[in-house]
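Asker: Have a look at the structure that comes next, please.
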Amino acid sequence: MKNVRIWFKKDFECRYISHLDLNRTMLRALHKSKIPIWHTEGFNPHPFATFPLPLSLGFRGVNECMDVRLEDEEFSFEEIKNRLNACLPRGLRVFDVTEAVMKAGKVAYASFTILLSLPDKSSRLVCEQLGALLQNDTIEIEKKSKKGMKTVDIKPGIKSFSVTELFDCAKLDVVLSAGSSDNVNPNLLIAALSRATGCEYDADITRNELYNSEFEPFR
């Protein structure tokens with residue numbers, strides 16, 4: 001049996017399906033494709049698949065991955081890609097299949113591109129607002145936890161950032177803490193900006209890459 005990592009993009013209408021629905025879609029595609037995937041045992045066997053770091057609803061993902069186990073170790077990776085793409089809807093496209101190198105628990109950071117705009121306001125103003133927020137020593141926001149709402153400082157979870165003024169929006173390229181122990185969702189950053197300015201922003205969010213604690217791309 002071989003551990004395999006399937007790399008795919010999530011875009012268009014599929015940005016707005018939940019992680020649970022994504023999981024169901026992928027399991028159906030695996031079943032329909034007849035790829036020799038290892039199935040769980042028990043009363044209701046199904047293809048075994050895991051996702052190292054689920055993508056939030058509404059986010060575009062250009063470098064997402066799913067881990068499966070191949071029963072036939074000689075089965076072609078190119079054939080896996082072709083068979084899955086024939087069974088997936090528009091918005092989900094497999095672009096590579098590799099052996100899994102890093103364990104899912106190694107994910108520590110994620111990079112994002114966030115496009116922010118305000119109706120009837122200049123992109124320069126949004127850039128200035130972003131810059132002012134990100135230069136603060138602390139960025140506090142209320143975050144939901146198992147014990148209810150709590151105030152957290154997300155500034156330590158911002159590893160790096162750059163702000164660029166575009167014609168109709170501000171572009172924020174940012175690397176945030178990710179993983180099971182420390183996770184800063186971009187929506188928290190946008191909420192903190194709204195709280196500081198009193199404005200409601202239009203946001204388009206793309207997750208570009210995952211990294212380990214040494215800032216090596218997750219592979």
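Note on naming: chains are A, B, ... as they come in the structure tokens, residues start from 1 per chain, ligands start from 1 in the order shown.
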Excluding region 20-22 of chain A and its own-chain neighbours fewer than 3 positions away, which residues fall within 12 Å of it when counting only C-alpha atoms? Please give them as a count of residues only.

Answerer: 28

Asker: Please report, as a ChimeraX atom specification, each residue of region 110-181 of chain A to which DSSP assigns helix (DSSP H, G or I) when run on this structure's backbone.

Answerer: /A:123-134,155-157

Asker: Go ahead and save the picked residues with all heavy atoms, as a compact mmCIF listing (two decimals), in the first residue's frame.

Answerer:
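Dumped to out.txt:
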# COMPACT_ATOMS: atom_id res chain seq x y z
N SER A 123 -8.73 52.71 -3.81
CA SER A 123 -7.89 51.61 -3.35
C SER A 123 -6.74 52.12 -2.48
O SER A 123 -6.25 51.41 -1.61
CB SER A 123 -7.35 50.81 -4.54
OG SER A 123 -6.70 51.65 -5.46
N ARG A 124 -6.32 53.36 -2.72
CA ARG A 124 -5.24 53.94 -1.90
C ARG A 124 -5.68 54.05 -0.45
O ARG A 124 -4.91 53.78 0.47
CB ARG A 124 -4.84 55.31 -2.43
CG ARG A 124 -3.79 56.01 -1.58
CD ARG A 124 -3.23 57.23 -2.25
NE ARG A 124 -2.50 56.87 -3.46
CZ ARG A 124 -1.87 57.75 -4.25
NH1 ARG A 124 -1.89 59.04 -3.94
NH2 ARG A 124 -1.24 57.34 -5.33
N LEU A 125 -6.94 54.48 -0.23
CA LEU A 125 -7.45 54.58 1.14
C LEU A 125 -7.43 53.22 1.83
O LEU A 125 -7.03 53.11 2.99
CB LEU A 125 -8.88 55.14 1.12
CG LEU A 125 -9.61 55.14 2.48
CD1 LEU A 125 -8.90 56.05 3.47
CD2 LEU A 125 -11.06 55.55 2.30
N VAL A 126 -7.87 52.18 1.12
CA VAL A 126 -7.88 50.84 1.72
C VAL A 126 -6.46 50.40 2.05
O VAL A 126 -6.21 49.80 3.10
CB VAL A 126 -8.55 49.83 0.77
CG1 VAL A 126 -8.57 48.44 1.41
CG2 VAL A 126 -9.97 50.26 0.44
N CYS A 127 -5.51 50.71 1.18
CA CYS A 127 -4.10 50.37 1.45
C CYS A 127 -3.61 51.09 2.72
O CYS A 127 -2.91 50.49 3.54
CB CYS A 127 -3.23 50.78 0.27
SG CYS A 127 -3.37 49.71 -1.17
N GLU A 128 -3.98 52.34 2.86
CA GLU A 128 -3.57 53.10 4.04
C GLU A 128 -4.19 52.52 5.31
O GLU A 128 -3.53 52.42 6.35
CB GLU A 128 -3.96 54.57 3.88
CG GLU A 128 -3.16 55.29 2.80
CD GLU A 128 -3.70 56.68 2.52
OE1 GLU A 128 -4.79 57.03 3.05
OE2 GLU A 128 -3.05 57.42 1.75
N GLN A 129 -5.45 52.13 5.22
CA GLN A 129 -6.12 51.52 6.38
C GLN A 129 -5.46 50.19 6.76
O GLN A 129 -5.25 49.90 7.94
CB GLN A 129 -7.60 51.31 6.07
CG GLN A 129 -8.39 52.61 5.93
CD GLN A 129 -9.80 52.38 5.43
OE1 GLN A 129 -10.09 51.39 4.74
NE2 GLN A 129 -10.72 53.28 5.78
N LEU A 130 -5.15 49.37 5.75
CA LEU A 130 -4.48 48.10 6.00
C LEU A 130 -3.12 48.31 6.63
O LEU A 130 -2.75 47.65 7.60
CB LEU A 130 -4.31 47.34 4.68
CG LEU A 130 -5.36 46.31 4.30
CD1 LEU A 130 -5.08 45.79 2.90
CD2 LEU A 130 -5.39 45.16 5.30
N GLY A 131 -2.35 49.25 6.05
CA GLY A 131 -1.01 49.52 6.57
C GLY A 131 -1.04 49.97 8.02
O GLY A 131 -0.21 49.54 8.84
N ALA A 132 -2.00 50.83 8.35
CA ALA A 132 -2.11 51.33 9.72
C ALA A 132 -2.42 50.18 10.68
O ALA A 132 -1.84 50.11 11.78
CB ALA A 132 -3.20 52.40 9.80
N LEU A 133 -3.32 49.28 10.29
CA LEU A 133 -3.68 48.16 11.16
C LEU A 133 -2.48 47.23 11.36
O LEU A 133 -2.17 46.84 12.49
CB LEU A 133 -4.84 47.37 10.56
CG LEU A 133 -5.26 46.12 11.35
CD1 LEU A 133 -6.05 46.51 12.59
CD2 LEU A 133 -6.07 45.17 10.48
N LEU A 134 -1.81 46.88 10.27
CA LEU A 134 -0.75 45.88 10.35
C LEU A 134 0.51 46.39 11.04
O LEU A 134 1.34 45.59 11.47
CB LEU A 134 -0.41 45.39 8.93
CG LEU A 134 -1.52 44.59 8.25
CD1 LEU A 134 -1.27 44.45 6.76
CD2 LEU A 134 -1.65 43.21 8.90
N LYS A 155 -1.81 39.40 16.06
CA LYS A 155 -0.57 39.94 15.47
C LYS A 155 0.57 38.92 15.48
O LYS A 155 1.31 38.82 14.48
CB LYS A 155 -0.16 41.22 16.21
CG LYS A 155 1.07 41.90 15.61
CD LYS A 155 0.83 42.36 14.18
CE LYS A 155 2.10 42.96 13.54
NZ LYS A 155 2.37 44.32 14.08
N PRO A 156 0.79 38.15 16.57
CA PRO A 156 1.89 37.18 16.54
C PRO A 156 1.72 36.11 15.45
O PRO A 156 2.70 35.47 15.06
CB PRO A 156 1.83 36.55 17.94
CG PRO A 156 1.18 37.57 18.80
CD PRO A 156 0.17 38.21 17.91
N GLY A 157 0.49 35.90 14.98
CA GLY A 157 0.24 34.91 13.95
C GLY A 157 0.45 35.41 12.54
O GLY A 157 0.27 34.66 11.57

Asker: Residues of region 82-172 of chain A that have any atom at most 8 Å from an atom of region 207-218 of chain A: could you tabulate them with the shortest-distance atom pair and the distance in Å to one decimal, using only C-alpha atoms, ordered by chain and increasing number, as a Markdown table?

Answerer:
| residue | atom | partner | partner_atom | distance |
| --- | --- | --- | --- | --- |
| A:Met102 | CA | A:Phe218 | CA | 6.6 |
| A:Lys106 | CA | A:Asn212 | CA | 5.3 |
| A:Val107 | CA | A:Asn212 | CA | 4.7 |
| A:Ala108 | CA | A:Asn212 | CA | 4.8 |
| A:Tyr109 | CA | A:Tyr211 | CA | 5.0 |
| A:Ala110 | CA | A:Leu210 | CA | 4.5 |
| A:Ser111 | CA | A:Glu209 | CA | 5.4 |
| A:Phe112 | CA | A:Arg207 | CA | 4.5 |
| A:Thr113 | CA | A:Arg207 | CA | 6.6 |

Asker: Given the choices A:Ile158, A:Ile35, A:Ala178, A:Leu172, which gets closest to Gly105 (chain A) if the distance is worked out from only C-alpha atoms?

Answerer: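 Closest candidate: A:Ala178.
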
Asker: Between A:Lys103, A:Arg69, A:Lys143, A:Lys150, which has the minimum distance to Gly179 (chain A) (counting only C-alpha atoms)?

Answerer: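 Going through A:Lys103, A:Arg69, A:Lys143, A:Lys150 one by one, the smallest distance to Gly179 (chain A) is for A:Lys103.
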
Asker: For Phe75 (chain A), work out the shell of residues within 9 Å, counting only C-alpha atoms and skipping chain neighbours fewer than 4 positions away, then give it as a list in words.

Answerer: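 Those residues are Ile35, Pro36, Leu70, Glu71, Glu79 and Ile80 of chain A.
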
Asker: Let me make sure I understand: among A:Asp67, A:Asp137, A:Asp120, A:Asp204, which one has the smallest atom-to-atom distance to Ala104 (chain A) if we use only C-alpha atoms?

Answerer: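 That would be A:Asp67, the residue with the smallest distance to Ala104 (chain A).
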
Asker: Please report the interatomic distance between CA of Met149 (chain A) and CA of Asn187 (chain A) in Å with one decimal.

Answerer: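 These two atoms are separated by 15.5 Å.
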
Asker: Measuring between only C-alpha atoms, which one of A:Ile37, A:Cys169, A:Ile154, A:Val94 shows the shortest distance to Val62 (chain A)?

Answerer: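 Comparing A:Ile37, A:Cys169, A:Ile154, A:Val94 against Val62 (chain A), the winner is A:Val94.
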
Asker: With only C-alpha atoms as the atoms that count, which of A:Ile205, A:Ile114, A:Asn82, A:Thr138 lies nearest to Val163 (chain A)?

Answerer: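 So, comparing all the options, the nearest one is A:Ile114.
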
Asker: What is the distance between CA of Asp173 (chain A) and CA of Pro186 (chain A), in Å to one decimal?

Answerer: 10.8 Å

Asker: Based on DSSP run over this structure's backbone, return all residues of chain A in strand (DSSP E or B), as a JSON list (two decimals) with N, CA and C atoms, in the first residue's frame.

Answerer:
[["chain", "number", "residue", "atom", "x", "y", "z"],
["A", 2, "LYS", "N", 0.51, 2.26, -0.79],
["A", 2, "LYS", "CA", 1.31, 3.47, -0.92],
["A", 2, "LYS", "C", 0.47, 4.70, -0.57],
["A", 3, "ASN", "N", 1.06, 5.60, 0.24],
["A", 3, "ASN", "CA", 0.40, 6.87, 0.55],
["A", 3, "ASN", "C", 0.61, 7.85, -0.60],
["A", 4, "VAL", "N", -0.49, 8.42, -1.07],
["A", 4, "VAL", "CA", -0.45, 9.30, -2.24],
["A", 4, "VAL", "C", -1.11, 10.63, -1.90],
["A", 5, "ARG", "N", -0.53, 11.71, -2.40],
["A", 5, "ARG", "CA", -1.08, 13.05, -2.19],
["A", 5, "ARG", "C", -1.60, 13.59, -3.52],
["A", 6, "ILE", "N", -2.90, 13.89, -3.55],
["A", 6, "ILE", "CA", -3.56, 14.39, -4.76],
["A", 6, "ILE", "C", -3.72, 15.90, -4.64],
["A", 7, "TRP", "N", -3.15, 16.65, -5.60],
["A", 7, "TRP", "CA", -3.16, 18.11, -5.57],
["A", 7, "TRP", "C", -4.25, 18.63, -6.51],
["A", 8, "PHE", "N", -5.03, 19.59, -6.01],
["A", 8, "PHE", "CA", -6.15, 20.09, -6.81],
["A", 8, "PHE", "C", -6.40, 21.57, -6.55],
["A", 9, "LYS", "N", -7.17, 22.17, -7.45],
["A", 9, "LYS", "CA", -7.60, 23.56, -7.29],
["A", 9, "LYS", "C", -9.10, 23.58, -6.96],
["A", 10, "LYS", "N", -9.49, 24.53, -6.15],
["A", 10, "LYS", "CA", -10.90, 24.72, -5.79],
["A", 10, "LYS", "C", -11.28, 26.15, -6.13],
["A", 37, "ILE", "N", -8.15, 2.50, -4.66],
["A", 37, "ILE", "CA", -7.94, 3.17, -3.37],
["A", 37, "ILE", "C", -8.31, 2.22, -2.24],
["A", 39, "HIS", "N", -10.04, 1.09, 0.99],
["A", 39, "HIS", "CA", -11.32, 1.43, 1.61],
["A", 39, "HIS", "C", -11.29, 1.10, 3.10],
["A", 47, "PRO", "N", -14.00, 4.87, 0.40],
["A", 47, "PRO", "CA", -12.61, 5.23, 0.11],
["A", 47, "PRO", "C", -12.02, 6.07, 1.23],
["A", 49, "ALA", "N", -9.83, 8.91, 2.64],
["A", 49, "ALA", "CA", -9.25, 10.17, 2.16],
["A", 49, "ALA", "C", -9.19, 11.16, 3.31],
["A", 50, "THR", "N", -8.10, 11.89, 3.42],
["A", 50, "THR", "CA", -7.96, 12.93, 4.44],
["A", 50, "THR", "C", -7.42, 14.21, 3.81],
["A", 60, "ARG", "N", -10.79, 30.65, -2.36],
["A", 60, "ARG", "CA", -10.25, 29.95, -3.52],
["A", 60, "ARG", "C", -8.97, 29.24, -3.08],
["A", 61, "GLY", "N", -8.77, 28.01, -3.53],
["A", 61, "GLY", "CA", -7.55, 27.27, -3.21],
["A", 61, "GLY", "C", -6.85, 26.84, -4.48],
["A", 62, "VAL", "N", -5.61, 27.28, -4.68],
["A", 62, "VAL", "CA", -4.90, 26.95, -5.92],
["A", 62, "VAL", "C", -3.88, 25.85, -5.72],
["A", 63, "ASN", "N", -3.69, 25.40, -4.48],
["A", 63, "ASN", "CA", -2.68, 24.38, -4.20],
["A", 63, "ASN", "C", -3.16, 23.49, -3.06],
["A", 64, "GLU", "N", -4.40, 22.96, -3.19],
["A", 64, "GLU", "CA", -4.99, 22.13, -2.15],
["A", 64, "GLU", "C", -4.57, 20.67, -2.33],
["A", 65, "CYS", "N", -4.71, 19.88, -1.27],
["A", 65, "CYS", "CA", -4.31, 18.48, -1.41],
["A", 65, "CYS", "C", -5.19, 17.55, -0.57],
["A", 66, "MET", "N", -5.21, 16.31, -0.98],
["A", 66, "MET", "CA", -5.98, 15.25, -0.33],
["A", 66, "MET", "C", -5.10, 14.00, -0.30],
["A", 67, "ASP", "N", -5.06, 13.32, 0.83],
["A", 67, "ASP", "CA", -4.24, 12.12, 0.97],
["A", 67, "ASP", "C", -5.10, 10.86, 0.88],
["A", 68, "VAL", "N", -4.63, 9.90, 0.08],
["A", 68, "VAL", "CA", -5.31, 8.61, -0.05],
["A", 68, "VAL", "C", -4.25, 7.51, 0.03],
["A", 69, "ARG", "N", -4.72, 6.26, 0.07],
["A", 69, "ARG", "CA", -3.80, 5.10, 0.07],
["A", 69, "ARG", "C", -4.11, 4.22, -1.14],
["A", 70, "LEU", "N", -3.09, 3.96, -1.93],
["A", 70, "LEU", "CA", -3.24, 3.12, -3.11],
["A", 70, "LEU", "C", -3.00, 1.65, -2.74],
["A", 92, "LEU", "N", -13.34, 22.06, -9.46],
["A", 92, "LEU", "CA", -12.43, 21.13, -8.80],
["A", 92, "LEU", "C", -11.61, 20.44, -9.89],
["A", 93, "ARG", "N", -10.29, 20.70, -9.91],
["A", 93, "ARG", "CA", -9.44, 20.13, -10.93],
["A", 93, "ARG", "C", -8.13, 19.63, -10.31],
["A", 94, "VAL", "N", -7.85, 18.36, -10.53],
["A", 94, "VAL", "CA", -6.60, 17.77, -10.07],
["A", 94, "VAL", "C", -5.50, 18.17, -11.06],
["A", 95, "PHE", "N", -4.36, 18.70, -10.54],
["A", 95, "PHE", "CA", -3.28, 19.10, -11.43],
["A", 95, "PHE", "C", -1.99, 18.31, -11.20],
["A", 96, "ASP", "N", -1.93, 17.52, -10.10],
["A", 96, "ASP", "CA", -0.74, 16.71, -9.87],
["A", 96, "ASP", "C", -1.05, 15.62, -8.85],
["A", 97, "VAL", "N", -0.29, 14.55, -8.91],
["A", 97, "VAL", "CA", -0.36, 13.46, -7.94],
["A", 97, "VAL", "C", 1.07, 13.09, -7.58],
["A", 98, "THR", "N", 1.37, 13.05, -6.27],
["A", 98, "THR", "CA", 2.72, 12.76, -5.81],
["A", 98, "THR", "C", 2.66, 11.81, -4.61],
["A", 99, "GLU", "N", 3.81, 11.30, -4.24],
["A", 99, "GLU", "CA", 3.89, 10.58, -2.97],
["A", 99, "GLU", "C", 3.87, 11.61, -1.84],
["A", 109, "TYR", "N", 2.15, 27.12, 8.58],
["A", 109, "TYR", "CA", 1.81, 28.43, 8.01],
["A", 109, "TYR", "C", 1.05, 28.24, 6.70],
["A", 110, "ALA", "N", 0.33, 29.30, 6.30],
["A", 110, "ALA", "CA", -0.35, 29.33, 5.01],
["A", 110, "ALA", "C", -0.22, 30.73, 4.43],
["A", 111, "SER", "N", -0.02, 30.80, 3.13],
["A", 111, "SER", "CA", 0.06, 32.10, 2.47],
["A", 111, "SER", "C", -1.24, 32.39, 1.73],
["A", 112, "PHE", "N", -1.64, 33.65, 1.77],
["A", 112, "PHE", "CA", -2.91, 34.07, 1.16],
["A", 112, "PHE", "C", -2.70, 35.34, 0.34],
["A", 113, "THR", "N", -3.53, 35.48, -0.68],
["A", 113, "THR", "CA", -3.68, 36.75, -1.39],
["A", 113, "THR", "C", -5.11, 37.23, -1.15],
["A", 114, "ILE", "N", -5.23, 38.41, -0.57],
["A", 114, "ILE", "CA", -6.54, 38.96, -0.22],
["A", 114, "ILE", "C", -6.75, 40.26, -0.99],
["A", 115, "LEU", "N", -7.81, 40.33, -1.78],
["A", 115, "LEU", "CA", -8.17, 41.55, -2.49],
["A", 115, "LEU", "C", -9.30, 42.24, -1.73],
["A", 116, "LEU", "N", -9.06, 43.47, -1.29],
["A", 116, "LEU", "CA", -10.02, 44.21, -0.48],
["A", 116, "LEU", "C", -10.43, 45.50, -1.18],
["A", 117, "SER", "N", -11.72, 45.77, -1.13],
["A", 117, "SER", "CA", -12.21, 47.01, -1.74],
["A", 117, "SER", "C", -13.37, 47.57, -0.93],
["A", 140, "GLU", "N", -6.22, 42.98, 18.20],
["A", 140, "GLU", "CA", -7.13, 42.18, 19.00],
["A", 140, "GLU", "C", -8.50, 42.05, 18.33],
["A", 141, "ILE", "N", -9.06, 40.87, 18.46],
["A", 141, "ILE", "CA", -10.37, 40.59, 17.88],
["A", 141, "ILE", "C", -11.03, 39.48, 18.69],
["A", 142, "GLU", "N", -12.35, 39.48, 18.72],
["A", 142, "GLU", "CA", -13.06, 38.41, 19.42],
["A", 142, "GLU", "C", -13.12, 37.17, 18.54],
["A", 143, "LYS", "N", -12.80, 36.03, 19.12],
["A", 143, "LYS", "CA", -12.76, 34.77, 18.39],
["A", 143, "LYS", "C", -13.57, 33.73, 19.14],
["A", 144, "LYS", "N", -14.35, 32.96, 18.39],
["A", 144, "LYS", "CA", -15.17, 31.92, 19.00],
["A", 144, "LYS", "C", -14.31, 30.73, 19.38],
["A", 145, "SER", "N", -14.49, 30.25, 20.62],
["A", 145, "SER", "CA", -13.77, 29.07, 21.09],
["A", 145, "SER", "C", -14.77, 28.07, 21.68],
["A", 148, "GLY", "N", -16.75, 29.62, 24.37],
["A", 148, "GLY", "CA", -17.45, 30.85, 24.06],
["A", 148, "GLY", "C", -16.53, 31.86, 23.38],
["A", 149, "MET", "N", -16.93, 33.12, 23.36],
["A", 149, "MET", "CA", -16.14, 34.16, 22.71],
["A", 149, "MET", "C", -15.00, 34.60, 23.62],
["A", 150, "LYS", "N", -13.84, 34.84, 23.02],
["A", 150, "LYS", "CA", -12.71, 35.36, 23.78],
["A", 150, "LYS", "C", -11.92, 36.33, 22.91],
["A", 151, "THR", "N", -11.25, 37.27, 23.56],
["A", 151, "THR", "CA", -10.45, 38.25, 22.84],
["A", 151, "THR", "C", -9.04, 37.71, 22.65],
["A", 152, "VAL", "N", -8.59, 37.71, 21.40],
["A", 152, "VAL", "CA", -7.25, 37.20, 21.09],
["A", 152, "VAL", "C", -6.46, 38.25, 20.32],
["A", 153, "ASP", "N", -5.14, 38.19, 20.45],
["A", 153, "ASP", "CA", -4.24, 39.05, 19.70],
["A", 153, "ASP", "C", -3.70, 38.22, 18.54],
["A", 158, "ILE", "N", 0.84, 36.68, 12.40],
["A", 158, "ILE", "CA", 1.14, 37.25, 11.08],
["A", 158, "ILE", "C", 2.64, 37.20, 10.86],
["A", 159, "LYS", "N", 3.10, 36.26, 10.03],
["A", 159, "LYS", "CA", 4.54, 36.07, 9.83],
["A", 159, "LYS", "C", 5.13, 37.14, 8.92],
["A", 160, "SER", "N", 4.43, 37.46, 7.83],
["A", 160, "SER", "CA", 4.90, 38.48, 6.90],
["A", 160, "SER", "C", 3.71, 39.01, 6.10],
["A", 161, "PHE", "N", 3.89, 40.21, 5.53],
["A", 161, "PHE", "CA", 2.82, 40.77, 4.73],
["A", 161, "PHE", "C", 3.38, 41.84, 3.78],
["A", 162, "SER", "N", 2.64, 42.09, 2.72],
["A", 162, "SER", "CA", 2.92, 43.22, 1.83],
["A", 162, "SER", "C", 1.60, 43.71, 1.28],
["A", 163, "VAL", "N", 1.48, 45.03, 1.13],
["A", 163, "VAL", "CA", 0.26, 45.66, 0.64],
["A", 163, "VAL", "C", 0.57, 46.36, -0.68],
["A", 164, "THR", "N", -0.25, 46.09, -1.70],
["A", 164, "THR", "CA", -0.05, 46.67, -3.02],
["A", 164, "THR", "C", -1.34, 47.35, -3.48],
["A", 165, "GLU", "N", -1.21, 48.57, -3.98],
["A", 165, "GLU", "CA", -2.38, 49.28, -4.50],
["A", 165, "GLU", "C", -2.63, 48.87, -5.95],
["A", 170, "ALA", "N", -7.19, 46.91, -2.97],
["A", 170, "ALA", "CA", -5.89, 46.75, -2.30],
["A", 170, "ALA", "C", -5.57, 45.26, -2.25],
["A", 171, "LYS", "N", -4.33, 44.91, -2.58],
["A", 171, "LYS", "CA", -3.92, 43.50, -2.55],
["A", 171, "LYS", "C", -3.01, 43.28, -1.35],
["A", 172, "LEU", "N", -3.44, 42.35, -0.50],
["A", 172, "LEU", "CA", -2.65, 41.98, 0.67],
["A", 172, "LEU", "C", -2.11, 40.58, 0.49],
["A", 173, "ASP", "N", -0.80, 40.44, 0.40],
["A", 173, "ASP", "CA", -0.15, 39.13, 0.41],
["A", 173, "ASP", "C", 0.35, 38.90, 1.82],
["A", 174, "VAL", "N", -0.15, 37.83, 2.45],
["A", 174, "VAL", "CA", 0.13, 37.64, 3.87],
["A", 174, "VAL", "C", 0.37, 36.16, 4.17],
["A", 175, "VAL", "N", 1.28, 35.91, 5.11],
["A", 175, "VAL", "CA", 1.53, 34.56, 5.59],
["A", 175, "VAL", "C", 1.07, 34.51, 7.05],
["A", 176, "LEU", "N", 0.17, 33.56, 7.33],
["A", 176, "LEU", "CA", -0.46, 33.46, 8.65],
["A", 176, "LEU", "C", -0.18, 32.10, 9.27],
["A", 177, "SER", "N", -0.22, 32.05, 10.59],
["A", 177, "SER", "CA", -0.11, 30.77, 11.29],
["A", 177, "SER", "C", -1.27, 29.88, 10.90],
["A", 202, "ASP", "N", -15.45, 44.45, 0.74],
["A", 202, "ASP", "CA", -15.60, 43.32, -0.18],
["A", 202, "ASP", "C", -14.26, 42.61, -0.23],
["A", 203, "ALA", "N", -14.26, 41.29, -0.02],
["A", 203, "ALA", "CA", -13.01, 40.55, 0.06],
["A", 203, "ALA", "C", -13.02, 39.34, -0.85],
["A", 204, "ASP", "N", -11.93, 39.13, -1.54],
["A", 204, "ASP", "CA", -11.71, 37.93, -2.36],
["A", 204, "ASP", "C", -10.43, 37.29, -1.83],
["A", 205, "ILE", "N", -10.55, 36.04, -1.34],
["A", 205, "ILE", "CA", -9.44, 35.40, -0.64],
["A", 205, "ILE", "C", -8.99, 34.14, -1.36],
["A", 206, "THR", "N", -7.69, 34.06, -1.61],
["A", 206, "THR", "CA", -7.08, 32.88, -2.23],
["A", 206, "THR", "C", -6.00, 32.32, -1.32],
["A", 207, "ARG", "N", -6.07, 31.02, -1.04],
["A", 207, "ARG", "CA", -4.96, 30.38, -0.32],
["A", 207, "ARG", "C", -3.99, 29.82, -1.35],
["A", 208, "ASN", "N", -2.73, 30.22, -1.23],
["A", 208, "ASN", "CA", -1.73, 29.89, -2.24],
["A", 208, "ASN", "C", -0.89, 28.67, -1.91],
["A", 209, "GLU", "N", -0.46, 28.56, -0.65],
["A", 209, "GLU", "CA", 0.53, 27.54, -0.30],
["A", 209, "GLU", "C", 0.49, 27.25, 1.18],
["A", 210, "LEU", "N", 0.86, 26.02, 1.55],
["A", 210, "LEU", "CA", 1.05, 25.64, 2.94],
["A", 210, "LEU", "C", 2.54, 25.43, 3.19],
["A", 211, "TYR", "N", 2.97, 25.67, 4.45],
["A", 211, "TYR", "CA", 4.38, 25.54, 4.81],
["A", 211, "TYR", "C", 4.53, 24.83, 6.15],
["A", 217, "PRO", "N", 7.80, 24.64, 1.68],
["A", 217, "PRO", "CA", 6.48, 24.30, 1.11],
["A", 217, "PRO", "C", 6.07, 22.89, 1.52]]

Asker: Grab the CA of Leu118 (chain A) to CA of Leu166 (chain A) distance for me, in Å with one decimal place.

Answerer: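 The value is 12.8 Å.
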